[in-house]
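**Student:** The structure is given below, and queries will be raised subsequently.
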Protein chains: 4
Amino acid sequence: MIIVVKKGSTENQIKSFCDYIEKTGLKANIWVGVTTTVIGLIGDDSLIDERLLLSFDIVESVKRVTEPYKKVNRKYHPDDTIVTIPSKIGDVKIGEGYFVIMAGPCSVESEEQILTIAKEVKKAGATMLRGGAYKPRTSPYAFQGLGTNGIDLLLKAKKETGLPIVTEIMDVRCLDGFNEVDLIQVGARNMQNFELLKELGKSKKPILLKRGLANTIEEWLMSAEYILSKGNDNIILCERGIRTFETFTRNTLDISAIPAIKELSHLPIIVDPSHATGVARFVKPISMAAVAVGADGLIIEVHNDPVKALCDGAQSLKPEAFAAVVKDLKDMLKLKGKN
Amino acid sequence: MIIVVKKGSTENQIKSFCDYIEKTGLKANIWVGVTTTVIGLIGDDSLIDERLLLSFDIVESVKRVTEPYKKVNRKYHPDDTIVTIPSKIGDVKIGEGYFVIMAGPCSVESEEQILTIAKEVKKAGATMLRGGAYKPRTSPYAFQGLGTNGIDLLLKAKKETGLPIVTEIMDVRCLDGFNEVDLIQVGARNMQNFELLKELGKSKKPILLKRGLANTIEEWLMSAEYILSKGNDNIILCERGIRTFETFTRNTLDISAIPAIKELSHLPIIVDPSHATGVARFVKPISMAAVAVGADGLIIEVHNDPVKALCDGAQSLKPEAFAAVVKDLKDMLKLKGKN
Amino acid sequence: MIIVVKKGSTENQIKSFCDYIEKTGLKANIWVGVTTTVIGLIGDDSLIDERLLLSFDIVESVKRVTEPYKKVNRKYHPDDTIVTIPSKIGDVKIGEGYFVIMAGPCSVESEEQILTIAKEVKKAGATMLRGGAYKPRTSPYAFQGLGTNGIDLLLKAKKETGLPIVTEIMDVRCLDGFNEVDLIQVGARNMQNFELLKELGKSKKPILLKRGLANTIEEWLMSAEYILSKGNDNIILCERGIRTFETFTRNTLDISAIPAIKELSHLPIIVDPSHATGVARFVKPISMAAVAVGADGLIIEVHNDPVKALCDGAQSLKPEAFAAVVKDLKDMLKLKGKN
Amino acid sequence: MIIVVKKGSTENQIKSFCDYIEKTGLKANIWVGVTTTVIGLIGDDSLIDERLLLSFDIVESVKRVTEPYKKVNRKYHPDDTIVTIPSKIGDVKIGEGYFVIMAGPCSVESEEQILTIAKEVKKAGATMLRGGAYKPRTSPYAFQGLGTNGIDLLLKAKKETGLPIVTEIMDVRCLDGFNEVDLIQVGARNMQNFELLKELGKSKKPILLKRGLANTIEEWLMSAEYILSKGNDNIILCERGIRTFETFTRNTLDISAIPAIKELSHLPIIVDPSHATGVARFVKPISMAAVAVGADGLIIEVHNDPVKALCDGAQSLKPEAFAAVVKDLKDMLKLKGKN
């Protein structure tokens with residue numbers, strides 16, 4: 001960490017600041033330039049709060065030289081993490097060199113619905129089944145999901161098709177009910193629900209960590225660090241669009257976040273074109289772009305009757321349309337040497 | 001709700017859409033213009049999901065005519081809500097016509113610290129004591145708060161000074177520990193933690209609901225609606241800045257949100273200048289602006305030694321500086337006829 | 001246009017509002033619902049200002065049913081526009097079914113520099129040469145470009161290589177100096193320099209219209225409408241990233257804008273991965289994504305010595321790296337059936 | 001400027017980088033830490049482009065230690081700038097200690113209109129008259145202003161009332177027509193129209209520089225630096241809201257920008273509550289907040305018949321409402337010791 005000292009600071013002030021620093025276990029190295037004095041902190045400064053340093057009278061600005069995340073940092077763990085989801089029809093591997101396609105309805109609505117869609121998406125080429133049992137809804141009057149019944153129905157669909165399942169957790173108290181869930185999703189609104197992240201870090205379950213609507217790439221990696229720091233390294237990141245001034249699409253997919261994450265971290269990253277755009281007819285081109293840019297997979301909303309869906313009908317594909325997307329993806333995946 | 005029908009839609013399609021609408025209990029009124037057909041939904045359409053309607057092939061766009069929130073809506077509850085916080089040194093009233101000043105440290109650090117600050121802010125004119133026991137921190141390696149011990153220390157400070165206390169809840173499982181807390185804060189990151197909101201709605205505790213970093217005024221009111229719809233109408237809103245491209249300040253205070261909320265809702269609204277700006281020397285001018293624009297109160301970070309604060313030192317005022325802010329506020333409050 | 005009438009408005013007020021509307025040449029159709037009255041405007045309402053209507057006391061909200069742009073609207077011009085840039089080494093066609101690669105330095109610096117790069121990018125597969133003669137720089141102390149000399153050097157490079165040239169105009173007074181320029185670029189900062197757009201509309205020159213940093217897709221199309229409404233339909237749009245809270249990349253590429261523009265308009269759209277990311281090593285993956293999502297071309301910064309470039313070195317590729325990008329693009333273009 | 005060197009860089013690479021730096025006239029000071037090497041540039045580094053330095057292979061990141069603006073920087077010019085607008089009814093002073101109220105219609109529409117409004121706003125307490133002659137409109141089909149006739153009408157109103165006038169320039173070619181205009185406004189869309197800024201810098205006219213929709217405080221000050229660096233120091237800044245995700249108001253007023261500008265620069269700053277909110281009924285509370293936060297003035301849209309206004313009716317006050325705003329402002333100005 002580098003600290004720029006305000007002009008006019010006295011030697012005594014600087015000394016007393018450095019004393020404070022050294023009490024934290026770091027070393028402070030003073031560099032006096034002609035017009036500016038700079039102090040460099042030496043040691044593991046990931047525990048130091050920049051905003052705290054800014055409260056010292058002599059500090060003009062603070063610059064972090066090293067990233068605040070460690071366990072998710074590619075610098076300290078250069079090899080790509082591959083998350084393996086066991087399955088009786090063939091384990092699903094997620095990470096560099098592999099490509100996963102998760103598909104299914106926004107929310108689980110009935111046994112018939114989830115079984116029908118599960119079979120359809122499997123036939124079309126999906127390797128995992130998604131479906132919401134607990135649904136975060138802006139309105140308290142909107143359908144909130146089937147809860148534990150929803151999970152039971154997903155497990156039935158899994159039993160019938162062999163597809164591993166991914167579903168969202170919203171309440172830390174429900175964690176026990178996710179024992180048989182293959183991949184636990186943390187939604188955008190919970191990306192900084194730190195108590196939930198800590199509990200998930202203590203479990204060994206694979207976690208799908210979606211990016212928050214207004215969160216930077218660094219904050220996202222720090223949330224992954226919460227999970228990893230507790231011992232769970234089965235983490236997959238999911239870019240699903242950020243909130244900007246543009247309202248034509250539901251969110252703005254930050255496509256550059258994929259190469260950015262690949263550079264900064266060893267964790268796999270997938271894309272959610274359904275939530276990113278909110279428009280079913282944009283799912284295909286955005287899916288193609290996700291493969292092209294280097295993503296490790298997709299999570300796509302598919303509904304057999306979007307018109308009757310209890311949520312997010314506007315962004316769901318019909319199974320035929322989903323099959324057409326997967327077909328086009330295959331050629332591009334071949335080009336990229338993924339499978 | 002008004003639905004614009006796509007050009008080229010057949011009468012049959014429109015009829016079948018209207019049949020669907022009428023099954024939900026609403027009436028559909030078709031208006032055929034020269035170039036455009038529009039369908040108006042009559043009845044309580046707050047239960048209808050706009051995004052679902054968009055998935056019908058014939059729907060070009062949907063416009064809500066009435067707000068999706070009801071219980072927090074001033075249209076249906078024109079009188080201002082006044083939240084009363086009982087206190088042995090005089091009840092604190094929050095809402096139109098009153099002005100509350102909450103002050104205290106970012107986090108509770110020790111008995112000596114919280115007692116000292118509590119006395120200082122009381123002397124300076126604060127009517128409530130704030131202090132974090134559970135702290136949401138971007139980094140898992142940062143100080144996470146004293147937890148239940150922190151609440152105990154706040155209660156000691158309350159006992160000694162008489163100031164009612166406000167502190168943040170982060171985990172629904174800790175709710176029992178908040179029994180003696182006077183005002184429970186829901187932080188920006190939890191504004192859409194819907195399971196937490198539902199539980200708080202079932203309690204009768206006054207709730208301070210901060211606006212999320214990337215949440216619209218409508219979403220914020222919908223989160224308040226979650227609490228109110230479960231039966232708890234002791235809600236105070238808190239504008240604390242939104243995330244924008246500008247990085248000079250920590251967040252961008254949306255000052256227009258105060259008159260907007262006053263117009264749309266009957267709930268009280270206060271301002272957090274410390275988090276909005278992240279800069280201690282801007283707390284005074286922003287506090288003055290908050291009074292001038294019509295806010296019902298302030299929540300300000302005060303620390304007796306910002307330099308040694310375990311979090312957010314950069315935005316905390318020293319007690320002398322806080323006293324100076326309150327002094328200047330008094331004249332402006334007189335001007336506004338508040339007390 | 002649909003106008004929602006405020007509750008409590010009298011019949012007289014509504015009548016007087018409709019009288020006002022009919023004076024503008026439109027018809028007003030009143031639809032009285034049970035709880036809400038709605039007025040539909042019939043006729044060409046693209047000339048009516050929504051914000052003006054909002055100033056009437058009885059108006060609660062206004063919803064546009066048809067897009068405010070007409071000549072750039074695909075609804076009224078379903079066939080794709082193909083812009084042709086004549087060239088002695090083979091005309092360059094830009095639009096659906098074709099793919100253009102423009103490349104060259106951020107700014108023209110010297111004859112040797114531009115000739116060297118022109119030959120390199122031609123060899124690698126570029127079909128047009130880009131280079132800045134007039135440079136918009138945030139700082140008045142930064143290099144502002146060679147001006148007319150820069151254009152002369154570009155023309156020399158064109159003469160030598162046959163590559164048509166694209167360069168930015170910043171000042172309407174310089175338009176005469178762009179007579180031999182093949183494609184005139186309007187930069188992001190000038191997207192709403194309406195006087196410039198009007199003059200370009202009167203010329204017949206092909207125009208490359210970049211999206212503004214904070215402009216919506218609709219505003220962007222309205223700027224194209226400025227040019228088209230004056231008679232010039234040789235317009236190519238360029239998505240180059242928008243400004244958001246994320247600072248890891250220079251801007252946030254709005255990849256969904258490409259399918260959106262393809263749906264809303266008949267105009268060609270290309271992508272600028274260099275400005276969108278500001279990071280040379282992200283240019284390749286983003287270029288691949290641009291092809292995959294359906295863009296009609298790319299404009300890429302290439303410099304033979306990025307380190308000595310007078311501007312934007314961080315985002316410029318060396319010629320070898322550019323050649324590698326083009327090589328990978330070729331396979332993907334084949335897959336997409338583009339040439 | 002401080003440069004963090006990438007791990008693994010060789011001594012030779014660092015030496016060759018420093019040689020490059022020293023050729024620019026700066027000194028390079030190498031500080032070798034235990035884990036990180038940092039290079040400090042000594043001298044006037046405002047001419048060095050950070051993005052260029054980032055293109056060197058050994059550079060990990062760059063941090064500017066001093067602001068890139070000089071002439072507008074309070075550090076080098078601690079005294080407040082007071083801009084004086086001569087007037088036969090008493091010079092108008094703008095800057096710290098004074099408070100200016102500019103008012104008038106969005107656009108000049110007729111002689112009767114502008115004379116009526118000028119007299120009304122003068123009577124109510126305005127000290128300058130605003131009115132648009134050239135109007136930047138998103139749509140080419142919207143009213144574009146009366147042009148030179150509009151300026152003539154403003155001059156008539158000035159002659160009759162004595163109020164100095166402020167009006168917007170959109171085209172550098174029209175500058176001669178602004179000879180008798182007292183204060184030339186640069187609109188948000190032209191904040192980075194650098195050629196226009198340069199010409200205005202050569203004139204001696206007072207300039208009102210509005211902040212761009214998506215521009216940072218630093219970029220805004222750099223645009224002021226463009227004007228000042230050419231010799232014109234009669235600059236007033238105007239905060240008029242930035243573009244964010246919130247759409248309830250037209251823009252989001254960045255109220256913290258006022259204390260920020262006061263700290264960073266010596267230039268006066270005023271607030272435009274009409275454009276910031278786009279809602280006439282929010283103009284009063286936001287105006288009060290502007291005074292409270294320390295702004296040096298306001299520019300407010302007033303129309304005698306907002307309903308018939310040719311632009312921006314929604315945000316214009318009627319004269320009575322404007323008079324009520326000014327009345328309330330007076331008490332607050334007294335409190336702040338302004339006149």
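By convention here, the chains of the structure tokens are called A, B, ... in the order presented, each chain's residues are numbered starting at 1, and ligands are numbered starting at 1 in the order presented.
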Please determine the contact residues of chain B with respect to chain D at a cut-off of 9 Å, counting only C-alpha atoms, and supply them as a PyMOL selection string.
**Tutor:** chain B and resi 214-218+242-249+252-257+259-260+276-277+281-282+284-294+331-332+335
**Student:** List as a PyMOL selection string the protein and nucleic acid residues near A:Gly212, meaning an atom at most 6 Å away when only C-alpha atoms are counted, but skip any in the same chain fewer than 3 places from it.
**Tutor:** chain A and resi 188-189+191+215
**Student:** Give me, as JSON, numbers by chain, all polymer residues having an atom no more than 8 Å from B:Pro68, counting only C-alpha atoms and skipping those fewer than 3 positions away in the same chain.
**Tutor:** {"A": [139], "B": [46, 222]}
**Student:** Give me, as a PyMOL selection string, the residues of stretch 17-198 of chain B that a backbone DSSP run labels alpha helix (DSSP H).
**Tutor:** chain B and resi 17-23+50-53+111-124+148-161+194-198
**Student:** Just want the 9 Å neighbourhood of B:Ile85, counted on only C-alpha atoms, with same-chain residues fewer than 6 positions away dropped. Output as a VMD selection string.
**Tutor:** chain B and resid 91 to 94 164 182 to 183 206
**Student:** What does the distance between atom CA of A:Asp19 and atom CA of D:Gly33 come to in Å, to one decimal place?
**Tutor:** 18.3 Å
**Student:** Please list as a PyMOL selection string every residue within 12 Å of A:Tyr76, counting only C-alpha atoms and excluding residues in the same chain fewer than 3 positions away.
**Tutor:** chain A and resi 66-67+69-73+79-80+264-266
**Student:** What lies within 12 Å of A:Asn179 using only C-alpha atoms, ignoring chain neighbours under 2 positions off, as a list of chain:residue names?
**Tutor:**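 The neighbour list is A:Thr148, A:Ile151, A:Asp152, A:Leu155, A:Ile165, A:Val166, A:Thr167, A:Ile169, A:Cys174, A:Leu175, A:Asp176, A:Gly177, A:Val181, A:Asp182, A:Leu183, A:Ile184, A:Leu200, A:Ser203, A:Lys204, A:Lys205, A:Pro206.
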**Student:** Can you write out the residues you just picked, keeping N, CA, C and O atoms, as a compact mmCIF listing (two decimals), in the first residue's frame?
**Tutor:**
# COMPACT_ATOMS: atom_id res chain seq x y z
N THR A 148 -39.73 -25.68 -0.06
CA THR A 148 -39.23 -27.06 0.02
C THR A 148 -39.91 -27.98 -0.98
O THR A 148 -39.27 -28.88 -1.53
N ILE A 151 -38.02 -27.81 -4.11
CA ILE A 151 -36.78 -28.60 -4.11
C ILE A 151 -37.10 -30.08 -4.31
O ILE A 151 -36.42 -30.78 -5.07
N ASP A 152 -38.16 -30.55 -3.65
CA ASP A 152 -38.56 -31.96 -3.84
C ASP A 152 -38.85 -32.26 -5.31
O ASP A 152 -38.46 -33.31 -5.84
N LEU A 155 -35.71 -32.54 -7.24
CA LEU A 155 -35.03 -33.81 -6.97
C LEU A 155 -35.69 -34.94 -7.75
O LEU A 155 -35.02 -35.86 -8.23
N ILE A 165 -28.89 -30.65 -10.27
CA ILE A 165 -29.73 -29.47 -10.17
C ILE A 165 -29.04 -28.29 -9.48
O ILE A 165 -28.18 -28.45 -8.62
N VAL A 166 -29.44 -27.09 -9.93
CA VAL A 166 -28.96 -25.85 -9.32
C VAL A 166 -30.19 -25.02 -8.95
O VAL A 166 -31.11 -24.86 -9.75
N THR A 167 -30.18 -24.53 -7.71
CA THR A 167 -31.31 -23.71 -7.26
C THR A 167 -30.84 -22.72 -6.20
O THR A 167 -29.80 -22.94 -5.55
N ILE A 169 -30.56 -20.24 -2.94
CA ILE A 169 -30.84 -20.15 -1.51
C ILE A 169 -31.04 -18.68 -1.14
O ILE A 169 -30.32 -17.81 -1.63
N CYS A 174 -32.50 -22.10 5.77
CA CYS A 174 -32.98 -23.19 4.91
C CYS A 174 -31.86 -24.11 4.44
O CYS A 174 -32.10 -25.02 3.65
N LEU A 175 -30.63 -23.83 4.88
CA LEU A 175 -29.48 -24.53 4.31
C LEU A 175 -29.62 -26.05 4.38
O LEU A 175 -29.24 -26.77 3.44
N ASP A 176 -30.17 -26.56 5.49
CA ASP A 176 -30.32 -28.01 5.63
C ASP A 176 -31.14 -28.60 4.48
O ASP A 176 -30.89 -29.72 4.04
N GLY A 177 -32.10 -27.85 4.00
CA GLY A 177 -32.95 -28.34 2.91
C GLY A 177 -32.23 -28.44 1.58
O GLY A 177 -32.79 -28.94 0.59
N VAL A 181 -29.14 -30.78 -3.06
CA VAL A 181 -28.96 -29.88 -4.21
C VAL A 181 -27.50 -29.96 -4.65
O VAL A 181 -26.60 -29.97 -3.82
N ASP A 182 -27.25 -30.04 -5.97
CA ASP A 182 -25.89 -30.24 -6.46
C ASP A 182 -25.08 -28.95 -6.49
O ASP A 182 -23.87 -28.96 -6.29
N LEU A 183 -25.78 -27.85 -6.78
CA LEU A 183 -25.08 -26.56 -6.89
C LEU A 183 -26.01 -25.51 -6.29
O LEU A 183 -27.15 -25.34 -6.74
N ILE A 184 -25.53 -24.83 -5.24
CA ILE A 184 -26.36 -23.85 -4.54
C ILE A 184 -26.09 -22.45 -5.11
O ILE A 184 -24.94 -22.00 -5.12
N LEU A 200 -22.02 -20.85 3.82
CA LEU A 200 -21.75 -21.64 2.62
C LEU A 200 -20.27 -22.00 2.55
O LEU A 200 -19.89 -23.04 2.00
N SER A 203 -19.73 -25.19 4.44
CA SER A 203 -20.19 -26.43 3.79
C SER A 203 -19.19 -26.78 2.69
O SER A 203 -18.26 -26.05 2.42
N LYS A 204 -19.38 -27.92 2.07
CA LYS A 204 -18.46 -28.30 0.98
C LYS A 204 -19.19 -28.27 -0.37
O LYS A 204 -18.69 -28.73 -1.38
N LYS A 205 -20.43 -27.79 -0.34
CA LYS A 205 -21.27 -27.76 -1.52
C LYS A 205 -20.70 -26.83 -2.60
O LYS A 205 -20.23 -25.74 -2.27
N PRO A 206 -20.80 -27.19 -3.87
CA PRO A 206 -20.48 -26.24 -4.92
C PRO A 206 -21.44 -25.05 -4.87
O PRO A 206 -22.65 -25.22 -4.65
**Student:** Separation of atom CA of B:Glu120 and atom CA of A:Ser55, in Å?
**Tutor:**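 Spanning atom CA of B:Glu120 to atom CA of A:Ser55 is a straight-line distance of 19.8 Å.
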**Student:** Please return, as a ChimeraX atom specification, all residues of stretch 39-273 of chain D that DSSP assigns to strand (DSSP E or B) on the basis of the backbone.
**Tutor:** /D:39-42,59-63,73,83-85,92-94,100-104,107,128-130,132,165-169,183-186,207-210,235-239,242,252,254,265,269-271
**Student:** Output C-alpha atoms of each residue in that selection to a file, as a PDB file, in the first residue's frame.
**Tutor:**
ATOM      1  CA  ILE D  39       8.910   4.561  -9.326  1.00  0.00           C
ATOM      2  CA  GLY D  40       8.075   8.145  -8.431  1.00  0.00           C
ATOM      3  CA  LEU D  41       8.082  10.840 -11.109  1.00  0.00           C
ATOM      4  CA  ILE D  42       9.379  14.199  -9.969  1.00  0.00           C
ATOM      5  CA  VAL D  59       3.990  -1.071 -15.479  1.00  0.00           C
ATOM      6  CA  GLU D  60       1.305  -2.612 -13.266  1.00  0.00           C
ATOM      7  CA  SER D  61      -0.506   0.551 -12.295  1.00  0.00           C
ATOM      8  CA  VAL D  62      -0.155   4.295 -12.218  1.00  0.00           C
ATOM      9  CA  LYS D  63      -1.339   6.722  -9.564  1.00  0.00           C
ATOM     10  CA  ASN D  73      -6.872  24.363  -8.776  1.00  0.00           C
ATOM     11  CA  VAL D  83     -17.061  36.888 -11.586  1.00  0.00           C
ATOM     12  CA  THR D  84     -18.577  40.328 -12.150  1.00  0.00           C
ATOM     13  CA  ILE D  85     -21.325  40.844 -14.721  1.00  0.00           C
ATOM     14  CA  VAL D  92     -23.978  41.172 -10.529  1.00  0.00           C
ATOM     15  CA  LYS D  93     -21.235  39.474  -8.571  1.00  0.00           C
ATOM     16  CA  ILE D  94     -20.983  35.687  -8.630  1.00  0.00           C
ATOM     17  CA  VAL D 100     -27.095  34.989  -7.909  1.00  0.00           C
ATOM     18  CA  ILE D 101     -30.571  33.981  -9.063  1.00  0.00           C
ATOM     19  CA  MET D 102     -30.892  33.520 -12.805  1.00  0.00           C
ATOM     20  CA  ALA D 103     -34.391  32.833 -14.061  1.00  0.00           C
ATOM     21  CA  GLY D 104     -36.373  32.745 -17.271  1.00  0.00           C
ATOM     22  CA  SER D 107     -36.563  28.914 -24.694  1.00  0.00           C
ATOM     23  CA  MET D 128     -30.201  37.713 -14.280  1.00  0.00           C
ATOM     24  CA  LEU D 129     -32.449  36.594 -17.122  1.00  0.00           C
ATOM     25  CA  ARG D 130     -31.993  33.190 -18.733  1.00  0.00           C
ATOM     26  CA  GLY D 132     -32.620  29.671 -24.787  1.00  0.00           C
ATOM     27  CA  ILE D 165     -28.723  37.815 -19.865  1.00  0.00           C
ATOM     28  CA  VAL D 166     -27.395  34.260 -20.026  1.00  0.00           C
ATOM     29  CA  THR D 167     -28.004  32.029 -23.040  1.00  0.00           C
ATOM     30  CA  GLU D 168     -26.498  28.860 -24.496  1.00  0.00           C
ATOM     31  CA  ILE D 169     -24.050  28.598 -27.374  1.00  0.00           C
ATOM     32  CA  LEU D 183     -22.882  35.240 -19.751  1.00  0.00           C
ATOM     33  CA  ILE D 184     -22.415  32.492 -22.353  1.00  0.00           C
ATOM     34  CA  GLN D 185     -23.676  29.078 -21.315  1.00  0.00           C
ATOM     35  CA  VAL D 186     -21.949  25.853 -22.391  1.00  0.00           C
ATOM     36  CA  ILE D 207     -18.758  31.512 -19.260  1.00  0.00           C
ATOM     37  CA  LEU D 208     -21.291  29.304 -17.483  1.00  0.00           C
ATOM     38  CA  LEU D 209     -19.937  25.748 -17.805  1.00  0.00           C
ATOM     39  CA  LYS D 210     -22.506  23.060 -17.096  1.00  0.00           C
ATOM     40  CA  ILE D 235     -15.851  30.893 -15.404  1.00  0.00           C
ATOM     41  CA  ILE D 236     -18.848  29.786 -13.360  1.00  0.00           C
ATOM     42  CA  LEU D 237     -19.554  26.078 -12.940  1.00  0.00           C
ATOM     43  CA  CYS D 238     -23.098  24.726 -12.893  1.00  0.00           C
ATOM     44  CA  GLU D 239     -24.138  21.375 -11.400  1.00  0.00           C
ATOM     45  CA  ILE D 242     -25.811  13.433 -13.675  1.00  0.00           C
ATOM     46  CA  THR D 252     -29.651  12.856 -10.195  1.00  0.00           C
ATOM     47  CA  ASP D 254     -24.901  15.439  -7.254  1.00  0.00           C
ATOM     48  CA  SER D 265     -11.233  24.934  -7.069  1.00  0.00           C
ATOM     49  CA  ILE D 269     -20.539  27.082  -8.602  1.00  0.00           C
ATOM     50  CA  ILE D 270     -24.288  27.368  -9.038  1.00  0.00           C
ATOM     51  CA  VAL D 271     -27.084  24.777  -9.233  1.00  0.00           C
TER      52      VAL D 271
END
**Student:** Which residues are near C:Ile114? Cut-off 10 Å, only C-alpha atoms, ignore same chain within fewer than 3 positions. Put them as a ChimeraX atom specification.
**Tutor:** /C:104-105,107-111,117-120,129-131,150,153-154,156-158,303-304
**Student:** Please, what distance in Å, to one decimal, runs between atom CA of C:Tyr134 and atom CA of C:Gly147?
**Tutor:**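 Separation between atom CA of C:Tyr134 and atom CA of C:Gly147: 5.2 Å.
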